[in-house]
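Structure data follow from run03.csv (CSV, N, CA and C atoms):
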chain,number,residue,atom,x,y,z
R,73,MET,N,103.1,85.0,105.8
R,73,MET,CA,103.2,86.3,105.3
R,73,MET,C,101.9,86.8,104.8
R,74,PRO,N,101.5,88.0,104.9
R,74,PRO,CA,100.2,88.5,104.5
R,74,PRO,C,100.2,88.9,103.0
R,75,LEU,N,100.1,87.9,102.2
R,75,LEU,CA,100.1,88.1,100.7
R,75,LEU,C,98.8,88.6,100.2
R,76,PHE,N,97.7,88.3,100.9
R,76,PHE,CA,96.4,88.7,100.4
R,76,PHE,C,95.6,89.5,101.5
R,77,CYS,N,94.9,90.5,101.1
R,77,CYS,CA,94.2,91.4,102.1
R,77,CYS,C,92.9,90.6,102.6
R,78,LYS,N,92.7,90.7,103.9
R,78,LYS,CA,91.5,90.1,104.4
R,78,LYS,C,90.2,90.8,104.1
R,79,GLN,N,90.3,92.2,103.9
R,79,GLN,CA,89.1,93.0,103.6
R,79,GLN,C,88.6,92.8,102.2
R,80,CYS,N,89.6,92.9,101.2
R,80,CYS,CA,89.1,92.9,99.8
R,80,CYS,C,89.7,91.7,99.0
R,81,ASN,N,90.5,90.9,99.6
R,81,ASN,CA,91.1,89.7,98.9
R,81,ASN,C,92.0,90.1,97.7
R,82,SER,N,92.6,91.3,97.7
R,82,SER,CA,93.5,91.6,96.7
R,82,SER,C,94.9,91.4,97.1
R,83,ARG,N,95.8,91.6,96.2
R,83,ARG,CA,97.2,91.3,96.5
R,83,ARG,C,97.9,92.4,97.3
R,84,ARG,N,98.8,92.0,98.2
R,84,ARG,CA,99.6,92.9,98.9
R,84,ARG,C,101.0,92.9,98.4
R,85,LEU,N,101.7,94.0,98.4
R,85,LEU,CA,103.1,94.1,98.0
R,85,LEU,C,104.0,94.6,99.1
R,86,PRO,N,105.1,93.9,99.3
R,86,PRO,CA,106.0,94.3,100.4
R,86,PRO,C,106.7,95.7,100.0
R,87,GLU,N,106.9,96.5,101.1
R,87,GLU,CA,107.6,97.8,100.9
R,87,GLU,C,108.4,98.1,102.2
R,88,TYR,N,109.7,98.3,102.0
R,88,TYR,CA,110.6,98.6,103.1
R,88,TYR,C,110.5,100.0,103.5
R,89,HIS,N,110.3,100.3,104.8
R,89,HIS,CA,110.3,101.7,105.3
R,89,HIS,C,111.5,101.9,106.2
R,90,GLN,N,112.2,103.0,105.9
R,90,GLN,CA,113.4,103.3,106.7
R,90,GLN,C,113.0,103.8,108.1
R,91,LYS,N,111.9,104.6,108.2
R,91,LYS,CA,111.5,105.1,109.5
R,91,LYS,C,111.2,104.0,110.5
R,92,GLU,N,110.4,103.0,110.1
R,92,GLU,CA,110.0,101.9,110.9
R,92,GLU,C,111.0,100.8,111.0
R,93,LYS,N,112.0,100.8,110.1
R,93,LYS,CA,113.0,99.8,109.9
R,93,LYS,C,112.5,98.4,109.8
R,94,SER,N,111.4,98.3,109.0
R,94,SER,CA,110.8,97.0,108.8
R,94,SER,C,110.0,97.0,107.5
R,95,THR,N,109.6,95.9,107.1
R,95,THR,CA,108.9,95.7,105.8
R,95,THR,C,107.4,95.8,106.2
R,96,LEU,N,106.7,96.7,105.5
R,96,LEU,CA,105.2,96.7,105.6
R,96,LEU,C,104.6,96.3,104.3
R,97,TRP,N,103.4,95.7,104.4
R,97,TRP,CA,102.8,95.2,103.2
R,97,TRP,C,101.6,96.1,102.9
R,98,LEU,N,101.6,96.6,101.6
R,98,LEU,CA,100.6,97.5,101.1
R,98,LEU,C,99.6,96.8,100.2
R,99,CYS,N,98.3,97.0,100.6
R,99,CYS,CA,97.2,96.4,99.8
R,99,CYS,C,97.0,97.3,98.6
R,100,VAL,N,96.9,96.7,97.4
R,100,VAL,CA,96.7,97.4,96.2
R,100,VAL,C,95.4,98.2,96.2
R,101,LYS,N,94.3,97.6,96.6
R,101,LYS,CA,93.0,98.3,96.6
R,101,LYS,C,92.7,99.2,97.8
R,102,CYS,N,92.9,98.6,99.0
R,102,CYS,CA,92.6,99.4,100.2
R,102,CYS,C,93.6,100.5,100.6
R,103,LYS,N,94.8,100.3,100.1
R,103,LYS,CA,95.9,101.3,100.4
R,103,LYS,C,96.2,101.3,101.9
R,104,ASN,N,96.1,100.1,102.5
R,104,ASN,CA,96.5,100.0,103.9
R,104,ASN,C,97.8,99.3,104.1
R,105,PHE,N,98.6,99.7,105.1
R,105,PHE,CA,99.8,99.0,105.4
R,105,PHE,C,99.6,98.0,106.6
R,106,VAL,N,100.1,96.8,106.4
R,106,VAL,CA,100.0,95.9,107.5
R,106,VAL,C,101.4,95.3,107.9
R,107,ASP,N,101.5,94.8,109.1
R,107,ASP,CA,102.8,94.2,109.5
R,107,ASP,C,102.8,92.7,109.2
R,108,MET,N,103.8,92.0,109.7
R,108,MET,CA,103.9,90.6,109.5
R,108,MET,C,102.8,89.8,110.3
R,109,GLU,N,102.3,90.4,111.3
R,109,GLU,CA,101.2,89.7,112.1
R,109,GLU,C,99.8,90.0,111.5
R,110,ASP,N,99.8,90.7,110.4
R,110,ASP,CA,98.5,91.0,109.7
R,110,ASP,C,97.7,92.0,110.4
R,111,ALA,N,98.3,92.9,111.1
R,111,ALA,CA,97.6,94.0,111.8
R,111,ALA,C,97.7,95.3,111.0
R,112,ILE,N,96.6,96.0,110.8
R,112,ILE,CA,96.7,97.2,110.0
R,112,ILE,C,97.5,98.3,110.8
R,113,ILE,N,98.5,98.8,110.2
R,113,ILE,CA,99.3,99.8,110.8
R,113,ILE,C,98.8,101.2,110.5
R,114,ARG,N,98.7,101.5,109.2
R,114,ARG,CA,98.2,102.9,108.8
R,114,ARG,C,97.9,102.8,107.3
R,115,GLU,N,97.3,103.9,106.8
R,115,GLU,CA,96.9,104.0,105.4
R,115,GLU,C,98.0,104.7,104.7
R,116,GLN,N,98.1,104.5,103.4
R,116,GLN,CA,99.1,105.2,102.5
R,116,GLN,C,98.6,106.7,102.4
R,117,THR,N,99.6,107.6,102.5
R,117,THR,CA,99.3,109.0,102.5
R,117,THR,C,99.4,109.5,101.0
R,118,ASP,N,98.8,110.6,100.8
R,118,ASP,CA,98.8,111.2,99.4
R,118,ASP,C,100.2,111.5,99.0
R,119,GLU,N,101.1,112.0,99.9
R,119,GLU,CA,102.5,112.2,99.6
R,119,GLU,C,103.2,111.0,99.1
R,120,GLU,N,102.9,109.9,99.7
R,120,GLU,CA,103.6,108.6,99.3
R,120,GLU,C,103.1,108.2,97.9
R,121,ARG,N,101.8,108.4,97.6
R,121,ARG,CA,101.2,108.1,96.3
R,121,ARG,C,101.9,108.9,95.2
R,122,GLU,N,102.0,110.2,95.5
R,122,GLU,CA,102.6,111.2,94.5
R,122,GLU,C,104.1,110.8,94.3
R,123,LYS,N,104.8,110.5,95.4
R,123,LYS,CA,106.2,110.1,95.3
R,123,LYS,C,106.4,108.9,94.4
R,124,ILE,N,105.5,107.9,94.5
R,124,ILE,CA,105.6,106.7,93.7
R,124,ILE,C,105.3,107.0,92.3
R,125,LYS,N,104.3,107.9,92.0
R,125,LYS,CA,103.9,108.2,90.7
R,125,LYS,C,105.1,109.0,90.0
R,126,ARG,N,105.8,109.9,90.7
R,126,ARG,CA,106.9,110.6,90.2
R,126,ARG,C,108.1,109.6,89.9
R,127,LYS,N,108.3,108.7,90.8
R,127,LYS,CA,109.4,107.7,90.5
R,127,LYS,C,109.1,106.9,89.2
R,128,GLN,N,107.8,106.5,89.1
R,128,GLN,CA,107.4,105.7,87.9
R,128,GLN,C,107.6,106.5,86.6
R,129,GLU,N,107.2,107.8,86.6
R,129,GLU,CA,107.3,108.6,85.5
R,129,GLU,C,108.8,108.9,85.1
R,130,ASP,N,109.6,109.1,86.2
R,130,ASP,CA,111.1,109.3,85.9
R,130,ASP,C,111.7,108.0,85.3
R,131,PHE,N,111.3,106.9,85.8
R,131,PHE,CA,111.8,105.6,85.3
R,131,PHE,C,111.4,105.4,83.8
R,132,GLU,N,110.2,105.7,83.5
R,132,GLU,CA,109.7,105.6,82.1
R,132,GLU,C,110.4,106.5,81.2
R,133,ASN,N,110.7,107.8,81.7
R,133,ASN,CA,111.4,108.8,80.9
R,133,ASN,C,112.9,108.5,80.7
R,134,THR,N,113.5,107.9,81.7
R,134,THR,CA,114.9,107.8,81.6
R,134,THR,C,115.4,106.4,81.0
R,135,THR,N,114.6,105.4,81.1
R,135,THR,CA,115.0,104.1,80.6
R,135,THR,C,114.8,104.1,79.1
R,136,ASN,N,115.6,103.3,78.4
R,136,ASN,CA,115.6,103.3,76.9
R,136,ASN,C,115.6,101.8,76.5
R,137,PHE,N,114.5,101.1,76.6
R,137,PHE,CA,114.5,99.7,76.2
R,137,PHE,C,114.2,99.6,74.7
R,138,PRO,N,114.8,98.7,74.0
R,138,PRO,CA,114.5,98.5,72.6
R,138,PRO,C,113.0,98.2,72.3
R,139,LYS,N,112.5,98.7,71.3
R,139,LYS,CA,111.1,98.5,71.0
R,139,LYS,C,110.9,97.1,70.4
R,140,ALA,N,111.9,96.6,69.6
R,140,ALA,CA,111.7,95.3,68.9
R,140,ALA,C,111.7,94.2,69.9
R,141,LYS,N,111.0,93.2,69.6
R,141,LYS,CA,111.0,92.0,70.4
R,141,LYS,C,112.3,91.2,70.3
R,142,LEU,N,112.8,90.8,71.4
R,142,LEU,CA,114.0,90.0,71.4
R,142,LEU,C,113.8,88.6,70.9
R,143,ASN,N,114.6,88.1,70.0
R,143,ASN,CA,114.5,86.8,69.4
R,143,ASN,C,115.3,85.8,70.2
R,144,ARG,N,114.8,84.7,70.5
R,144,ARG,CA,115.5,83.7,71.2
R,144,ARG,C,116.3,82.8,70.2
R,145,ARG,N,117.5,82.4,70.6
R,145,ARG,CA,118.2,81.5,69.7
R,145,ARG,C,117.6,80.2,69.7
R,146,LYS,N,117.6,79.6,68.6
R,146,LYS,CA,117.0,78.2,68.4
R,146,LYS,C,118.1,77.2,68.4
R,147,GLY,N,117.9,76.1,69.0
R,147,GLY,CA,118.9,75.0,69.0
R,147,GLY,C,119.6,75.0,70.3
R,148,VAL,N,120.5,74.1,70.4
R,148,VAL,CA,121.3,73.8,71.6
R,148,VAL,C,122.7,74.2,71.4
R,149,ASN,N,123.3,74.9,72.4
R,149,ASN,CA,124.8,75.2,72.2
R,149,ASN,C,125.6,74.0,72.4
Turn the structure described in the file into structure tokens.
Amino acid sequence: MPLFCKQCNSRRLPEYHQKEKSTLWLCVKCKNFVDMEDAIIREQTDEEREKIKRKQEDFENTTNFPKAKLNRRKGVN
């Protein structure tokens, strides 16, 4: 699996695309999509970047996680 980019040695993240019906790997720095054979398919478009930013903002606004740190129970049950 193409976990690291050959061009910049940064991490790649898997992303499923409905249109291609396959998983493409996105490089964090280069913004290139590659397939399982490590061949560059295409670059990430501005629309896709904006869509991801909107999803992230919506998630941050709608989730309500407690601010306090969760304490672990000590001892054995």
Do a neighbour search on segment 93-102 of chain R at 10 Å with only C-alpha atoms, toss out local chain neighbours closer than 2 positions, and write the hits as a PyMOL selection string.
chain R and resi 73-91+104-108+110+112-116
Just to confirm, what's the straight-line distance from atom N of Thr134 of chain R to atom C of Glu122 of chain R in Å (one decimal)?
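Spanning atom N of Thr134 of chain R to atom C of Glu122 of chain R is a straight-line distance of 16.0 Å.
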With DSSP run on the backbone, what are the alpha helix (DSSP H) residues within segment 98-131 of chain R? I'd like them as JSON, numbers by chain.
{"R": [118, 119, 120, 121, 122, 123, 124, 125, 126, 127, 128, 129, 130, 131]}
Separation of atom C of Lys103 of chain R from atom CA of Asp118 of chain R in Å:
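So the two atoms, atom CA of Asp118 of chain R and atom C of Lys103 of chain R, lie 10.5 Å apart.
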Listed atoms of segment 77-94 of chain R boxed axis-aligned with 5 Å per side, centre + edges as lines of an AutoDock Vina configuration file:
center_x = 101.0
center_y = 97.4
center_z = 103.6
size_x = 34.8
size_y = 25.4
size_z = 24.8
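When atom N of Thr117 of chain R is paired with atom N of Asn133 of chain R, their separation reads 23.6 Å.
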Which of chain R counts as strand (DSSP E) under DSSP, as a list in words please?
Arg84, Leu85, Pro86, Glu87, Tyr88, His89, Ser94, Thr95, Leu96, Trp97, Leu98, Cys99, Asn104, Phe105, Val106, Ile112, Ile113, Arg114 and Glu115 of chain R
Go ahead and dump the residues you just picked, N, CA and C atoms, as a CSV table (one decimal), in the frame of the given file.
chain,number,residue,atom,x,y,z
R,84,ARG,N,98.8,92.0,98.2
R,84,ARG,CA,99.6,92.9,98.9
R,84,ARG,C,101.0,92.9,98.4
R,85,LEU,N,101.7,94.0,98.4
R,85,LEU,CA,103.1,94.1,98.0
R,85,LEU,C,104.0,94.6,99.1
R,86,PRO,N,105.1,93.9,99.3
R,86,PRO,CA,106.0,94.3,100.4
R,86,PRO,C,106.7,95.7,100.0
R,87,GLU,N,106.9,96.5,101.1
R,87,GLU,CA,107.6,97.8,100.9
R,87,GLU,C,108.4,98.1,102.2
R,88,TYR,N,109.7,98.3,102.0
R,88,TYR,CA,110.6,98.6,103.1
R,88,TYR,C,110.5,100.0,103.5
R,89,HIS,N,110.3,100.3,104.8
R,89,HIS,CA,110.3,101.7,105.3
R,89,HIS,C,111.5,101.9,106.2
R,94,SER,N,111.4,98.3,109.0
R,94,SER,CA,110.8,97.0,108.8
R,94,SER,C,110.0,97.0,107.5
R,95,THR,N,109.6,95.9,107.1
R,95,THR,CA,108.9,95.7,105.8
R,95,THR,C,107.4,95.8,106.2
R,96,LEU,N,106.7,96.7,105.5
R,96,LEU,CA,105.2,96.7,105.6
R,96,LEU,C,104.6,96.3,104.3
R,97,TRP,N,103.4,95.7,104.4
R,97,TRP,CA,102.8,95.2,103.2
R,97,TRP,C,101.6,96.1,102.9
R,98,LEU,N,101.6,96.6,101.6
R,98,LEU,CA,100.6,97.5,101.1
R,98,LEU,C,99.6,96.8,100.2
R,99,CYS,N,98.3,97.0,100.6
R,99,CYS,CA,97.2,96.4,99.8
R,99,CYS,C,97.0,97.3,98.6
R,104,ASN,N,96.1,100.1,102.5
R,104,ASN,CA,96.5,100.0,103.9
R,104,ASN,C,97.8,99.3,104.1
R,105,PHE,N,98.6,99.7,105.1
R,105,PHE,CA,99.8,99.0,105.4
R,105,PHE,C,99.6,98.0,106.6
R,106,VAL,N,100.1,96.8,106.4
R,106,VAL,CA,100.0,95.9,107.5
R,106,VAL,C,101.4,95.3,107.9
R,112,ILE,N,96.6,96.0,110.8
R,112,ILE,CA,96.7,97.2,110.0
R,112,ILE,C,97.5,98.3,110.8
R,113,ILE,N,98.5,98.8,110.2
R,113,ILE,CA,99.3,99.8,110.8
R,113,ILE,C,98.8,101.2,110.5
R,114,ARG,N,98.7,101.5,109.2
R,114,ARG,CA,98.2,102.9,108.8
R,114,ARG,C,97.9,102.8,107.3
R,115,GLU,N,97.3,103.9,106.8
R,115,GLU,CA,96.9,104.0,105.4
R,115,GLU,C,98.0,104.7,104.7
Missing atoms in segment 75-101 of chain R should be modelled up to N, CA, C and O atoms and reported as a compact mmCIF listing (two decimals), in the frame of the given file.
# COMPACT_ATOMS: atom_id res chain seq x y z
N LEU R 75 100.10 87.90 102.20
CA LEU R 75 100.10 88.10 100.70
C LEU R 75 98.80 88.60 100.20
O LEU R 75 98.74 89.37 99.23
N PHE R 76 97.70 88.30 100.90
CA PHE R 76 96.40 88.70 100.40
C PHE R 76 95.60 89.50 101.50
O PHE R 76 95.69 89.11 102.67
N CYS R 77 94.90 90.50 101.10
CA CYS R 77 94.20 91.40 102.10
C CYS R 77 92.90 90.60 102.60
O CYS R 77 92.23 89.97 101.80
N LYS R 78 92.70 90.70 103.90
CA LYS R 78 91.50 90.10 104.40
C LYS R 78 90.20 90.80 104.10
O LYS R 78 89.14 90.27 104.05
N GLN R 79 90.30 92.20 103.90
CA GLN R 79 89.10 93.00 103.60
C GLN R 79 88.60 92.80 102.20
O GLN R 79 87.45 92.68 101.96
N CYS R 80 89.60 92.90 101.20
CA CYS R 80 89.10 92.90 99.80
C CYS R 80 89.70 91.70 99.00
O CYS R 80 89.40 91.61 97.80
N ASN R 81 90.50 90.90 99.60
CA ASN R 81 91.10 89.70 98.90
C ASN R 81 92.00 90.10 97.70
O ASN R 81 92.19 89.27 96.84
N SER R 82 92.60 91.30 97.70
CA SER R 82 93.50 91.60 96.70
C SER R 82 94.90 91.40 97.10
O SER R 82 95.17 91.13 98.27
N ARG R 83 95.80 91.60 96.20
CA ARG R 83 97.20 91.30 96.50
C ARG R 83 97.90 92.40 97.30
O ARG R 83 97.58 93.55 97.13
N ARG R 84 98.80 92.00 98.20
CA ARG R 84 99.60 92.90 98.90
C ARG R 84 101.00 92.90 98.40
O ARG R 84 101.54 91.81 98.11
N LEU R 85 101.70 94.00 98.40
CA LEU R 85 103.10 94.10 98.00
C LEU R 85 104.00 94.60 99.10
O LEU R 85 103.62 95.46 99.87
N PRO R 86 105.10 93.90 99.30
CA PRO R 86 106.00 94.30 100.40
C PRO R 86 106.70 95.70 100.00
O PRO R 86 107.05 95.94 98.89
N GLU R 87 106.90 96.50 101.10
CA GLU R 87 107.60 97.80 100.90
C GLU R 87 108.40 98.10 102.20
O GLU R 87 107.84 98.07 103.25
N TYR R 88 109.70 98.30 102.00
CA TYR R 88 110.60 98.60 103.10
C TYR R 88 110.50 100.00 103.50
O TYR R 88 110.57 100.89 102.62
N HIS R 89 110.30 100.30 104.80
CA HIS R 89 110.30 101.70 105.30
C HIS R 89 111.50 101.90 106.20
O HIS R 89 111.66 101.22 107.17
N GLN R 90 112.20 103.00 105.90
CA GLN R 90 113.40 103.30 106.70
C GLN R 90 113.00 103.80 108.10
O GLN R 90 113.69 103.46 109.02
N LYS R 91 111.90 104.60 108.20
CA LYS R 91 111.50 105.10 109.50
C LYS R 91 111.20 104.00 110.50
O LYS R 91 111.62 103.99 111.62
N GLU R 92 110.40 103.00 110.10
CA GLU R 92 110.00 101.90 110.90
C GLU R 92 111.00 100.80 111.00
O GLU R 92 110.98 99.94 111.84
N LYS R 93 112.00 100.80 110.10
CA LYS R 93 113.00 99.80 109.90
C LYS R 93 112.50 98.40 109.80
O LYS R 93 112.91 97.49 110.46
N SER R 94 111.40 98.30 109.00
CA SER R 94 110.80 97.00 108.80
C SER R 94 110.00 97.00 107.50
O SER R 94 109.87 98.08 106.87
N THR R 95 109.60 95.90 107.10
CA THR R 95 108.90 95.70 105.80
C THR R 95 107.40 95.80 106.20
O THR R 95 106.91 94.97 106.98
N LEU R 96 106.70 96.70 105.50
CA LEU R 96 105.20 96.70 105.60
C LEU R 96 104.60 96.30 104.30
O LEU R 96 105.18 96.48 103.26
N TRP R 97 103.40 95.70 104.40
CA TRP R 97 102.80 95.20 103.20
C TRP R 97 101.60 96.10 102.90
O TRP R 97 100.78 96.42 103.67
N LEU R 98 101.60 96.60 101.60
CA LEU R 98 100.60 97.50 101.10
C LEU R 98 99.60 96.80 100.20
O LEU R 98 99.94 96.12 99.27
N CYS R 99 98.30 97.00 100.60
CA CYS R 99 97.20 96.40 99.80
C CYS R 99 97.00 97.30 98.60
O CYS R 99 97.01 98.51 98.70
N VAL R 100 96.90 96.70 97.40
CA VAL R 100 96.70 97.40 96.20
C VAL R 100 95.40 98.20 96.20
O VAL R 100 95.37 99.34 95.73
N LYS R 101 94.30 97.60 96.60
CA LYS R 101 93.00 98.30 96.60
C LYS R 101 92.70 99.20 97.80
O LYS R 101 92.37 100.31 97.63
